[in-house]
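**Q** Got a file for you: my_file.txt, compact mmCIF, C-alpha atoms.
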# COMPACT_ATOMS: atom_id res chain seq x y z
CA MET A 1 -12.86 14.91 -20.05
CA PRO A 2 -10.83 17.61 -18.22
CA ALA A 3 -10.30 20.73 -20.32
CA TYR A 4 -6.60 21.01 -19.53
CA LEU A 5 -5.67 17.79 -21.39
CA LYS A 6 -3.42 18.79 -24.28
CA THR A 7 -5.21 16.86 -27.05
CA LEU A 8 -7.96 14.27 -27.29
CA PRO A 9 -5.68 11.56 -28.78
CA ALA A 10 -3.13 12.06 -26.01
CA ALA A 11 -5.86 11.77 -23.39
CA LEU A 12 -7.08 8.52 -24.94
CA LEU A 13 -3.56 7.15 -25.16
CA LEU A 14 -3.18 7.73 -21.43
CA TRP A 15 -5.86 5.09 -20.95
CA GLY A 16 -4.29 2.65 -23.42
CA LEU A 17 -6.73 3.42 -26.29
CA ASP A 18 -6.23 4.91 -29.73
CA VAL A 19 -8.77 7.34 -31.21
CA SER A 20 -10.79 4.45 -32.66
CA GLY A 21 -11.11 2.87 -29.20
CA GLN A 22 -8.77 -0.07 -29.90
CA ALA A 23 -6.58 -1.29 -27.03
CA LEU A 24 -2.84 -0.64 -27.36
CA ALA A 25 0.02 -2.48 -25.68
CA ALA A 26 1.39 -0.26 -22.92
CA GLU A 27 4.98 -0.65 -24.16
CA THR A 28 4.07 1.01 -27.48
CA LEU A 29 2.67 4.18 -25.95
CA PRO A 30 4.66 7.39 -26.43
CA GLU A 31 5.47 9.53 -23.42
CA ILE A 32 2.18 11.03 -22.28
CA THR A 33 2.17 14.59 -21.01
CA VAL A 34 -0.63 16.62 -19.51
CA GLU A 35 0.84 20.03 -20.18
CA ARG A 36 -0.98 22.01 -17.52
CA ILE A 37 -3.02 21.11 -14.46
CA GLY A 38 -4.26 24.16 -12.61
CA THR A 39 -4.33 24.06 -8.81
CA GLU A 40 -4.78 26.70 -6.13
CA HIS A 41 -1.06 27.41 -5.84
CA HIS A 42 0.91 25.67 -8.59
CA ASP A 43 0.35 24.86 -12.24
CA LEU A 44 1.58 21.31 -12.82
CA ARG A 45 2.85 19.15 -15.66
CA LEU A 46 2.23 15.38 -15.63
CA GLU A 47 4.68 13.17 -17.51
CA ARG A 48 4.57 9.44 -18.14
CA ILE A 49 8.02 7.91 -17.58
CA ALA A 50 7.42 4.19 -18.12
CA GLY A 51 4.60 1.76 -18.82
CA GLY A 52 3.97 -1.94 -19.12
CA LEU A 53 4.15 -2.45 -15.35
CA GLU A 54 1.87 -5.20 -14.04
CA HIS A 55 -0.17 -3.83 -11.14
CA PRO A 56 2.70 -1.67 -9.80
CA TRP A 57 2.51 -1.29 -6.03
CA ALA A 58 5.39 0.81 -4.72
CA LEU A 59 8.43 2.76 -5.86
CA ALA A 60 11.75 3.90 -4.47
CA GLN A 61 14.25 6.17 -6.21
CA LEU A 62 17.87 5.04 -6.12
CA PRO A 63 20.67 7.58 -5.50
CA GLY A 64 21.59 7.62 -9.19
CA GLY A 65 18.08 8.68 -10.19
CA SER A 66 16.62 5.39 -11.47
CA PHE A 67 13.67 3.67 -9.78
CA LEU A 68 12.74 0.36 -8.24
CA VAL A 69 9.07 -0.50 -8.77
CA SER A 70 7.41 -3.52 -7.20
CA GLU A 71 4.77 -5.32 -9.28
CA ARG A 72 2.15 -7.19 -7.28
CA PRO A 73 2.39 -10.52 -9.17
CA GLY A 74 5.97 -10.83 -7.87
CA ARG A 75 8.30 -8.88 -10.15
CA LEU A 76 10.67 -6.09 -9.16
CA ALA A 77 11.35 -3.63 -11.98
CA HIS A 78 14.39 -1.40 -12.33
CA VAL A 79 13.31 1.66 -14.32
CA SER A 80 15.97 3.94 -15.78
CA GLU A 81 15.53 7.70 -15.88
CA ALA A 82 14.80 7.28 -19.60
CA GLY A 83 11.98 4.84 -18.82
CA GLU A 84 13.70 1.57 -19.79
CA VAL A 85 12.41 -1.35 -17.68
CA THR A 86 14.54 -4.29 -16.53
CA HIS A 87 13.15 -7.01 -14.26
CA LEU A 88 15.44 -8.19 -11.49
CA ASP A 89 16.24 -11.78 -10.61
CA GLY A 90 16.28 -13.10 -7.05
CA VAL A 91 12.83 -11.97 -5.82
CA PRO A 92 11.27 -14.54 -3.43
CA ARG A 93 8.23 -16.40 -4.73
CA VAL A 94 5.21 -14.47 -3.48
CA SER A 95 1.61 -15.56 -3.01
CA ALA A 96 0.02 -13.36 -5.68
CA ASN A 97 -3.56 -14.06 -4.68
CA GLY A 98 -6.19 -11.33 -4.40
CA GLN A 99 -4.53 -8.30 -2.80
CA GLY A 100 -1.38 -10.27 -1.99
CA GLY A 101 1.91 -10.28 -3.81
CA LEU A 102 5.04 -8.14 -3.86
CA LEU A 103 4.09 -5.00 -1.95
CA ASP A 104 6.09 -2.11 -0.52
CA VAL A 105 9.72 -1.27 -1.22
CA ALA A 106 12.03 1.08 0.70
CA LEU A 107 15.74 1.83 0.92
CA HIS A 108 17.72 1.88 4.15
CA PRO A 109 18.11 5.53 5.29
CA ASP A 110 21.89 5.25 4.82
CA TYR A 111 21.66 3.64 1.37
CA GLY A 112 24.29 5.03 -0.97
CA GLN A 113 26.70 6.27 1.66
CA GLU A 114 30.44 5.65 1.30
CA GLY A 115 31.39 2.07 1.92
CA GLY A 116 27.95 0.67 1.09
CA GLU A 117 27.48 -1.17 4.38
CA GLN A 118 23.81 -0.15 4.51
CA ASP A 119 22.97 -0.56 0.84
CA TRP A 120 19.94 -2.65 1.73
CA LEU A 121 16.65 -2.72 -0.13
CA TYR A 122 13.64 -3.66 2.06
CA PHE A 123 10.42 -5.10 0.70
CA THR A 124 7.19 -6.60 2.01
CA TRP A 125 5.34 -9.48 0.43
CA SER A 126 2.67 -12.09 1.04
CA LYS A 127 4.17 -15.43 2.00
CA ALA A 128 2.35 -18.75 1.68
CA GLY A 129 2.41 -21.15 4.60
CA SER A 130 0.35 -23.54 6.67
CA GLY A 131 -3.14 -22.08 6.99
CA GLY A 132 -2.89 -19.50 4.23
CA THR A 133 -0.63 -16.47 3.84
CA ALA A 134 1.09 -13.87 6.01
CA THR A 135 2.76 -10.50 5.49
CA ALA A 136 6.55 -10.84 5.45
CA LEU A 137 9.52 -8.45 5.39
CA SER A 138 12.79 -9.15 3.61
CA ARG A 139 15.86 -7.23 2.60
CA ALA A 140 18.46 -7.70 -0.13
CA ARG A 141 21.30 -6.02 -1.95
CA LEU A 142 21.14 -4.89 -5.56
CA GLU A 143 23.91 -6.27 -7.74
CA GLY A 144 23.59 -5.76 -11.47
CA ASP A 145 20.18 -7.03 -12.54
CA ALA A 146 19.61 -9.22 -9.50
CA LEU A 147 18.84 -9.19 -5.81
CA VAL A 148 21.57 -10.92 -3.79
CA SER A 149 22.08 -11.69 -0.10
CA VAL A 150 18.30 -11.93 0.35
CA GLU A 151 17.33 -12.17 4.03
CA GLU A 152 13.88 -12.83 5.46
CA LEU A 153 13.65 -10.53 8.48
CA PHE A 154 10.11 -10.87 9.79
CA VAL A 155 6.95 -12.90 9.21
CA GLN A 156 3.56 -12.13 10.72
CA ASP A 157 2.76 -14.56 13.55
CA ARG A 158 -0.34 -16.14 11.99
CA PHE A 159 -1.00 -17.42 8.47
CA SER A 160 -4.60 -17.03 7.37
CA ALA A 161 -6.99 -16.72 4.42
CA PRO A 162 -8.29 -14.96 2.40
CA GLY A 163 -5.91 -13.03 0.15
CA ARG A 164 -6.60 -9.51 1.34
CA HIS A 165 -5.77 -6.77 3.86
CA TYR A 166 -2.01 -7.36 4.05
CA GLY A 167 -1.19 -3.68 4.61
CA SER A 168 1.65 -3.16 3.84
CA ARG A 169 3.64 0.08 4.00
CA LEU A 170 7.11 0.75 5.35
CA ALA A 171 8.39 4.01 6.89
CA TRP A 172 11.65 4.86 8.66
CA LEU A 173 11.60 6.76 11.95
CA PRO A 174 14.33 9.32 12.73
CA ASP A 175 15.92 6.90 15.23
CA GLY A 176 16.59 4.37 12.46
CA THR A 177 13.81 1.95 13.34
CA LEU A 178 11.36 0.72 10.74
CA LEU A 179 7.56 0.90 10.87
CA MET A 180 5.58 -1.76 9.00
CA SER A 181 1.81 -1.92 8.65
CA ILE A 182 -0.17 -5.17 8.59
CA GLY A 183 -3.88 -5.23 7.74
CA ASP A 184 -6.54 -7.11 9.72
CA ARG A 185 -6.55 -9.80 6.98
CA GLY A 186 -10.23 -9.39 6.19
CA ARG A 187 -12.72 -11.86 7.58
CA GLN A 188 -11.96 -11.49 11.30
CA PRO A 189 -11.81 -7.76 12.12
CA PRO A 190 -11.54 -8.32 15.92
CA ARG A 191 -7.99 -9.56 15.34
CA ALA A 192 -7.03 -5.86 15.18
CA GLN A 193 -7.93 -5.56 18.89
CA ASP A 194 -5.93 -8.65 19.92
CA ARG A 195 -2.46 -7.65 21.06
CA GLY A 196 -1.45 -11.28 20.79
CA ASP A 197 -1.87 -11.04 17.00
CA HIS A 198 0.09 -8.94 14.49
CA ALA A 199 -2.97 -8.40 12.29
CA GLY A 200 -4.45 -4.89 12.23
CA SER A 201 -1.40 -3.10 13.54
CA VAL A 202 1.73 -1.09 12.91
CA LEU A 203 4.96 -2.83 13.93
CA ARG A 204 8.25 -1.21 14.93
CA LEU A 205 11.39 -3.16 14.07
CA THR A 206 15.14 -2.68 13.96
CA ASP A 207 16.83 -2.54 10.57
CA SER A 208 17.68 -6.23 10.94
CA GLY A 209 14.11 -7.24 11.79
CA GLY A 210 14.50 -7.40 15.57
CA VAL A 211 12.36 -5.78 18.26
CA PRO A 212 13.59 -2.51 19.82
CA ASP A 213 13.82 -2.67 23.61
CA ASP A 214 11.71 0.48 24.01
CA ASN A 215 8.69 -0.69 22.00
CA PRO A 216 5.48 0.29 23.84
CA PHE A 217 4.25 -3.25 24.58
CA VAL A 218 7.52 -4.97 25.51
CA ASP A 219 6.97 -7.13 28.62
CA ASP A 220 3.29 -6.11 28.67
CA GLY A 221 1.71 -9.42 27.69
CA ALA A 222 1.44 -8.36 24.03
CA LEU A 223 3.50 -9.21 20.98
CA ASN A 224 6.65 -7.15 21.43
CA ALA A 225 6.84 -5.92 17.84
CA LEU A 226 3.51 -4.06 18.10
CA PHE A 227 3.67 -0.27 17.92
CA SER A 228 -0.05 0.47 17.47
CA SER A 229 -3.25 -1.58 17.24
CA GLY A 230 -6.79 -1.22 15.91
CA ASN A 231 -5.67 -0.40 12.35
CA ARG A 232 -7.88 -1.94 9.65
CA ASN A 233 -5.64 -1.75 6.58
CA ILE A 234 -2.96 0.94 6.26
CA GLN A 235 -1.75 1.38 2.67
CA GLY A 236 -0.27 4.86 2.95
CA MET A 237 2.35 5.84 5.55
CA THR A 238 5.01 8.52 5.79
CA VAL A 239 7.22 10.07 8.46
CA THR A 240 7.24 13.85 8.05
CA ALA A 241 10.14 16.24 8.57
CA ASP A 242 9.07 16.86 12.19
CA GLY A 243 9.32 13.12 12.95
CA ARG A 244 5.60 12.39 13.13
CA THR A 245 4.05 9.37 11.44
CA TRP A 246 0.94 9.83 9.31
CA ALA A 247 -1.00 6.95 7.78
CA THR A 248 -4.00 6.55 5.49
CA GLU A 249 -6.23 3.61 6.28
CA HIS A 250 -9.06 1.87 4.44
CA GLY A 251 -12.40 1.91 6.19
CA PRO A 252 -15.05 -0.69 5.28
CA LEU A 253 -17.67 1.02 3.07
CA GLY A 254 -16.67 4.65 3.62
CA GLY A 255 -14.89 5.88 6.71
CA ASP A 256 -11.41 5.98 5.13
CA GLU A 257 -9.05 7.64 7.61
CA LEU A 258 -5.94 9.73 8.02
CA ASN A 259 -4.34 8.86 11.35
CA LEU A 260 -1.44 10.25 13.36
CA ILE A 261 0.32 7.06 14.44
CA GLU A 262 1.80 7.10 17.93
CA GLY A 263 3.32 4.27 19.93
CA GLY A 264 1.00 2.38 22.26
CA LYS A 265 -2.22 3.85 20.84
CA ASN A 266 -5.34 1.96 19.80
CA TYR A 267 -7.02 3.31 16.64
CA GLY A 268 -10.32 1.62 17.25
CA TRP A 269 -11.06 -0.84 14.46
CA PRO A 270 -13.58 -2.52 14.53
CA GLU A 271 -14.92 -1.04 17.78
CA VAL A 272 -14.76 2.45 16.27
CA SER A 273 -15.47 3.23 12.62
CA LEU A 274 -17.32 5.81 10.55
CA GLY A 275 -17.85 3.28 7.74
CA VAL A 276 -20.72 0.85 7.26
CA ASP A 277 -21.07 -2.87 6.58
CA TYR A 278 -20.82 -3.84 2.90
CA SER A 279 -23.95 -6.02 2.87
CA THR A 280 -26.27 -4.52 5.52
CA ARG A 281 -25.17 -0.87 5.15
CA ARG A 282 -25.39 -0.60 8.94
CA PRO A 283 -22.78 1.29 10.99
CA ILE A 284 -19.84 -0.72 12.28
CA GLY A 285 -18.94 0.14 15.86
CA ALA A 286 -19.23 3.49 17.58
CA ASP A 287 -18.21 6.89 16.26
CA SER A 288 -15.75 7.30 19.15
CA LEU A 289 -14.82 5.49 22.37
CA PRO A 290 -12.70 6.34 25.42
CA GLY A 291 -9.16 5.02 25.21
CA MET A 292 -9.20 4.84 21.40
CA ARG A 293 -7.73 7.43 19.07
CA ASP A 294 -10.05 9.19 16.65
CA ALA A 295 -8.95 9.77 13.08
CA GLN A 296 -7.49 13.19 12.27
CA TYR A 297 -9.43 13.28 9.01
CA ILE A 298 -12.13 11.24 7.27
CA PHE A 299 -12.07 11.14 3.47
CA GLU A 300 -15.36 11.81 1.70
CA GLY A 301 -17.11 8.93 -0.01
CA ARG A 302 -15.16 5.86 -1.06
CA PHE A 303 -11.69 7.34 -1.42
CA ALA A 304 -9.81 4.01 -0.92
CA PRO A 305 -6.43 5.48 0.13
CA SER A 306 -3.09 4.12 -1.01
CA GLY A 307 0.20 5.99 -1.05
CA LEU A 308 1.04 9.01 1.12
CA ALA A 309 3.84 11.55 0.90
CA GLU A 310 4.86 14.81 2.54
CA VAL A 311 5.82 17.66 0.21
CA ALA A 312 9.23 19.00 1.22
CA SER A 313 10.53 20.35 -2.06
CA GLY A 314 11.55 23.75 -3.34
CA GLN A 315 9.70 22.92 -6.55
CA PHE A 316 6.37 23.29 -4.72
CA PRO A 317 6.98 26.05 -2.13
CA ARG A 318 3.28 26.72 -1.46
CA TRP A 319 2.77 23.04 -0.58
CA GLU A 320 5.62 22.78 1.92
CA GLY A 321 4.59 20.43 4.73
CA ASN A 322 1.35 19.35 3.03
CA LEU A 323 0.43 15.70 2.57
CA LEU A 324 -0.48 14.13 -0.78
CA ALA A 325 -2.78 11.11 -0.53
CA GLY A 326 -3.51 8.78 -3.42
CA GLY A 327 -6.88 7.10 -3.94
CA LEU A 328 -7.74 3.83 -5.65
CA ARG A 329 -11.50 3.67 -6.16
CA SER A 330 -11.74 7.48 -6.19
CA GLN A 331 -8.83 7.78 -8.69
CA ARG A 332 -7.92 10.99 -6.90
CA LEU A 333 -4.77 12.65 -5.62
CA LYS A 334 -5.71 14.83 -2.67
CA ARG A 335 -3.64 17.53 -0.97
CA LEU A 336 -4.14 17.86 2.80
CA VAL A 337 -3.02 21.01 4.66
CA LEU A 338 -1.88 20.43 8.23
CA GLU A 339 -1.78 22.80 11.17
CA GLY A 340 -0.37 20.88 14.09
CA ASP A 341 -2.43 17.68 14.34
CA ALA A 342 -5.38 19.04 12.36
CA VAL A 343 -6.24 18.99 8.67
CA VAL A 344 -7.41 22.54 7.98
CA ASP A 345 -7.83 22.48 4.20
CA SER A 346 -7.79 20.10 1.26
CA GLU A 347 -7.68 20.18 -2.54
CA VAL A 348 -8.19 17.58 -5.26
CA ILE A 349 -5.15 17.66 -7.56
CA LEU A 350 -5.92 14.73 -9.87
CA ASP A 351 -9.37 13.31 -10.53
CA GLY A 352 -9.24 10.31 -12.84
CA GLU A 353 -6.42 11.43 -15.14
CA ILE A 354 -4.25 8.36 -14.45
CA GLY A 355 -6.84 6.00 -12.93
CA ARG A 356 -6.32 4.21 -9.61
CA ILE A 357 -3.43 5.80 -7.72
CA ARG A 358 -1.44 3.16 -5.83
CA ASP A 359 1.66 5.04 -4.63
CA VAL A 360 2.81 8.63 -4.16
CA ARG A 361 6.43 9.58 -3.43
CA GLN A 362 8.62 12.65 -3.48
CA GLY A 363 11.82 11.92 -5.37
CA ARG A 364 15.38 12.81 -4.50
CA ASP A 365 15.16 15.45 -7.23
CA GLY A 366 12.16 17.15 -5.57
CA ALA A 367 9.67 16.00 -8.21
CA LEU A 368 6.57 14.00 -7.28
CA TYR A 369 6.15 10.45 -8.56
CA LEU A 370 3.01 8.33 -8.83
CA LEU A 371 2.06 4.79 -9.78
CA ASN A 372 -1.32 3.78 -11.14
CA ASP A 373 -2.73 0.37 -10.27
CA ALA A 374 -3.59 -1.32 -13.57
CA PRO A 375 -2.79 -4.56 -15.41
CA ARG A 376 -0.54 -2.39 -17.60
CA GLY A 377 0.33 0.33 -15.15
CA SER A 378 2.70 3.27 -15.44
CA LEU A 379 5.14 5.44 -13.53
CA PHE A 380 4.41 9.17 -13.69
CA ARG A 381 6.31 12.31 -12.72
CA MET A 382 4.61 15.56 -11.64
CA VAL A 383 6.56 18.82 -11.81
CA PRO A 384 5.77 22.55 -12.09
CA ALA A 385 4.36 23.37 -15.52
CA ASN A 386 7.13 25.86 -16.29
Spell out the structure here as structure tokens.
**A**
Amino acid sequence: MPAYLKTLPAALLLWGLDVSGQALAAETLPEITVERIGTEHHDLRLERIAGGLEHPWALAQLPGGSFLVSERPGRLAHVSEAGEVTHLDGVPRVSANGQGGLLDVALHPDYGQEGGEQDWLYFTWSKAGSGGTATALSRARLEGDALVSVEELFVQDRFSAPGRHYGSRLAWLPDGTLLMSIGDRGRQPPRAQDRGDHAGSVLRLTDSGGVPDDNPFVDDGALNALFSSGNRNIQGMTVTADGRTWATEHGPLGGDELNLIEGGKNYGWPEVSLGVDYSTRRPIGADSLPGMRDAQYIFEGRFAPSGLAEVASGQFPRWEGNLLAGGLRSQRLKRLVLEGDAVVDSEVILDGEIGRIRDVRQGRDGALYLLNDAPRGSLFRMVPAN
């Protein structure tokens, strides 16, 4: 048990247990605070804002300060700044099987501007269809406690089983186009090398779900929405202040990657990987191949990345421009220091304190927000200790 936890009972409550080891309902937990987490540059305070969230997957902060949190089984929660949770009507019926369900959520870059023309909420989800499921993109408007004007913008070209490796992160580029990751869908890794298949790629779309004319594979015999290929399963993606796109990607057994995503590039999977096969423990592919982009960073062990954010907040001046990557199996939050295209230093910030970290975001208020992936998951805020 980390020494900086305030009290033993509080630490146990964070895991949904009382001091006798009995399970507690998440809704009955008081606000949990880790008073001080020491790091190389900043002492931090970790606060629990809301609980009772069923496998929360992604979060977006609305202009007024409240939050939208997607829950994988198919619910979209509206969480007030005080931690009150309301579930919204109007969410499409998702295929909540395995890793599928309601996935990422993002606001249009112009959300909240005068007039409200671009007050669109975008979300990805697993859609059932002939042959299995596919990753889909929709958008809607928020009206009271419901989604209205729901539009389905994009559906992956091929429905398939099983229920895993959907991706699926969203990130806005400075030109107003939208990046969307789709995993290789699991059992057929070579799909990630097929440019006639959306699986194992990053897509670039307009804000209405169309294909930009300047996409790298337009009129090149490939699916026009493709932006990159050879991506196994991206579950962390962010566009930094300098306009570059960084993504964290699950390897097989080990070999989890941080990649710099650029249009028209092939990131290797499954021809290139530093992970091994789950059953045989033999290497998968080569370490590197001509014409394929190497990862900028390989996480140690089984990190299982999900959620990625750039720190651009006056609250954390010594972390300016650093990346924060969440980990599922590792239960870690890791800080990555960039110099140009290289990761030159790293630091573990959290190591098991909140369990499996599913999403990491910087809020409009400059604080850092995290979701933990659990049957009764929570939304957390991280701020300077003082």
**Q** In Å to one decimal, how far is atom CA of A:Tyr111 from atom CA of A:Tyr369?
**A**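 Here the two named atoms are 19.6 Å from each other.
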**Q** What is the atom CA of A:Val155-atom CA of A:Pro305 distance in Å, reported with one decimal?
**A**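 Here the two named atoms are 24.5 Å from each other.
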**Q** For atom CA of A:His41 and atom CA of A:Leu336, determine how far apart the two atoms are, in Å to one decimal place.
**A** 13.2 Å
**Q** Set the distance at 9 Å and use all atoms listed in the file: which residues neighbour A:Glu81 once local chain neighbours fewer than 3 positions away are removed? I'd like the list as a PDB file with C-alpha atoms, keeping the file's coordinate frame.
**A**
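Listed below is the output, result-v4.pdb:
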ATOM      1  CA  ILE A  49       8.020   7.910 -17.580  1.00  0.00           C
ATOM      2  CA  GLY A  65      18.080   8.680 -10.190  1.00  0.00           C
ATOM      3  CA  SER A  66      16.620   5.390 -11.470  1.00  0.00           C
ATOM      4  CA  PHE A  67      13.670   3.670  -9.780  1.00  0.00           C
ATOM      5  CA  GLU A  84      13.700   1.570 -19.790  1.00  0.00           C
TER       6      GLU A  84
END
**Q** Quick one: residues within 8 Å of A:Ser70, all atoms listed in the file, excluding same-chain residues fewer than 5 positions away - as a list in words?
**A**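 Answer for this query is Pro56, Trp57, Ala58, Leu59, Arg75, Leu76, Ala77, Leu102, Leu103, Asp104 and Val105 of chain A.
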**Q** Please write the residues from the selection above to a file, keeping C-alpha atoms, as a short mmCIF file (atom, residue, chain, number, x, y, z; two decimals), in the frame of the given file.
**A**
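Written output follows (again.cif):
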data_model
loop_
_atom_site.label_atom_id
_atom_site.label_comp_id
_atom_site.auth_asym_id
_atom_site.auth_seq_id
_atom_site.Cartn_x
_atom_site.Cartn_y
_atom_site.Cartn_z
CA PRO A 56 2.70 -1.67 -9.80
CA TRP A 57 2.51 -1.29 -6.03
CA ALA A 58 5.39 0.81 -4.72
CA LEU A 59 8.43 2.76 -5.86
CA ARG A 75 8.30 -8.88 -10.15
CA LEU A 76 10.67 -6.09 -9.16
CA ALA A 77 11.35 -3.63 -11.98
CA LEU A 102 5.04 -8.14 -3.86
CA LEU A 103 4.09 -5.00 -1.95
CA ASP A 104 6.09 -2.11 -0.52
CA VAL A 105 9.72 -1.27 -1.22
#
**Q** Could you give me, as a PDB file with C-alpha atoms, keeping the file's coordinate frame, the residues within 8 Å of A:Gln362, counting all atoms listed in the file and dropping anything in the same chain fewer than 4 positions from it?
**A**
ATOM      1  CA  ALA A 309       3.840  11.550   0.900  1.00  0.00           C
ATOM      2  CA  GLU A 310       4.860  14.810   2.540  1.00  0.00           C
ATOM      3  CA  VAL A 311       5.820  17.660   0.210  1.00  0.00           C
ATOM      4  CA  ALA A 312       9.230  19.000   1.220  1.00  0.00           C
ATOM      5  CA  GLY A 366      12.160  17.150  -5.570  1.00  0.00           C
ATOM      6  CA  ALA A 367       9.670  16.000  -8.210  1.00  0.00           C
ATOM      7  CA  LEU A 368       6.570  14.000  -7.280  1.00  0.00           C
ATOM      8  CA  TYR A 369       6.150  10.450  -8.560  1.00  0.00           C
TER       9      TYR A 369
END
**Q** Which residues come within 8 Å of A:Gly264, counting all atoms listed in the file, excluding same-chain residues fewer than 3 positions away, as a PyMOL selection string?
**A** chain A and resi 216-217+227-229
**Q** List the neighbours of A:Gln156 out to 7 Å using all atoms listed in the file; skip same-chain residues closer than 4 positions along the sequence, and give me the result as an MDAnalysis selection string.
**A** chainID A and resid 134:136 198
**Q** From the list A:Arg358, A:Ser160, A:Phe316, A:Leu53, which residue is nearest A:Thr39 when using all atoms listed in the file?
**A** A:Phe316
**Q** So, with only C-alpha atoms as the atoms that count, which of A:Gly285, A:Gly38, A:Gly363, A:Pro109 lies closest to A:Ile349?
**A**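 Looking only at the distances to A:Ile349, the closest residue turns out to be A:Gly38.
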**Q** Could you tell me, as a VMD selection string, which residues have any atom at most 12 Å from (-8.3, 5.7, 18.3), counting all atoms listed in the file?
**A** chain A and resid 193 228 to 232 257 to 274 286 to 296
**Q** Find, counting all atoms listed in the file, the residue in A:Trp172, A:Trp246, A:Tyr297, A:Trp125 that gets nearest to A:Ile234.
**A**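 That would be A:Trp246, the residue with the smallest distance to A:Ile234.
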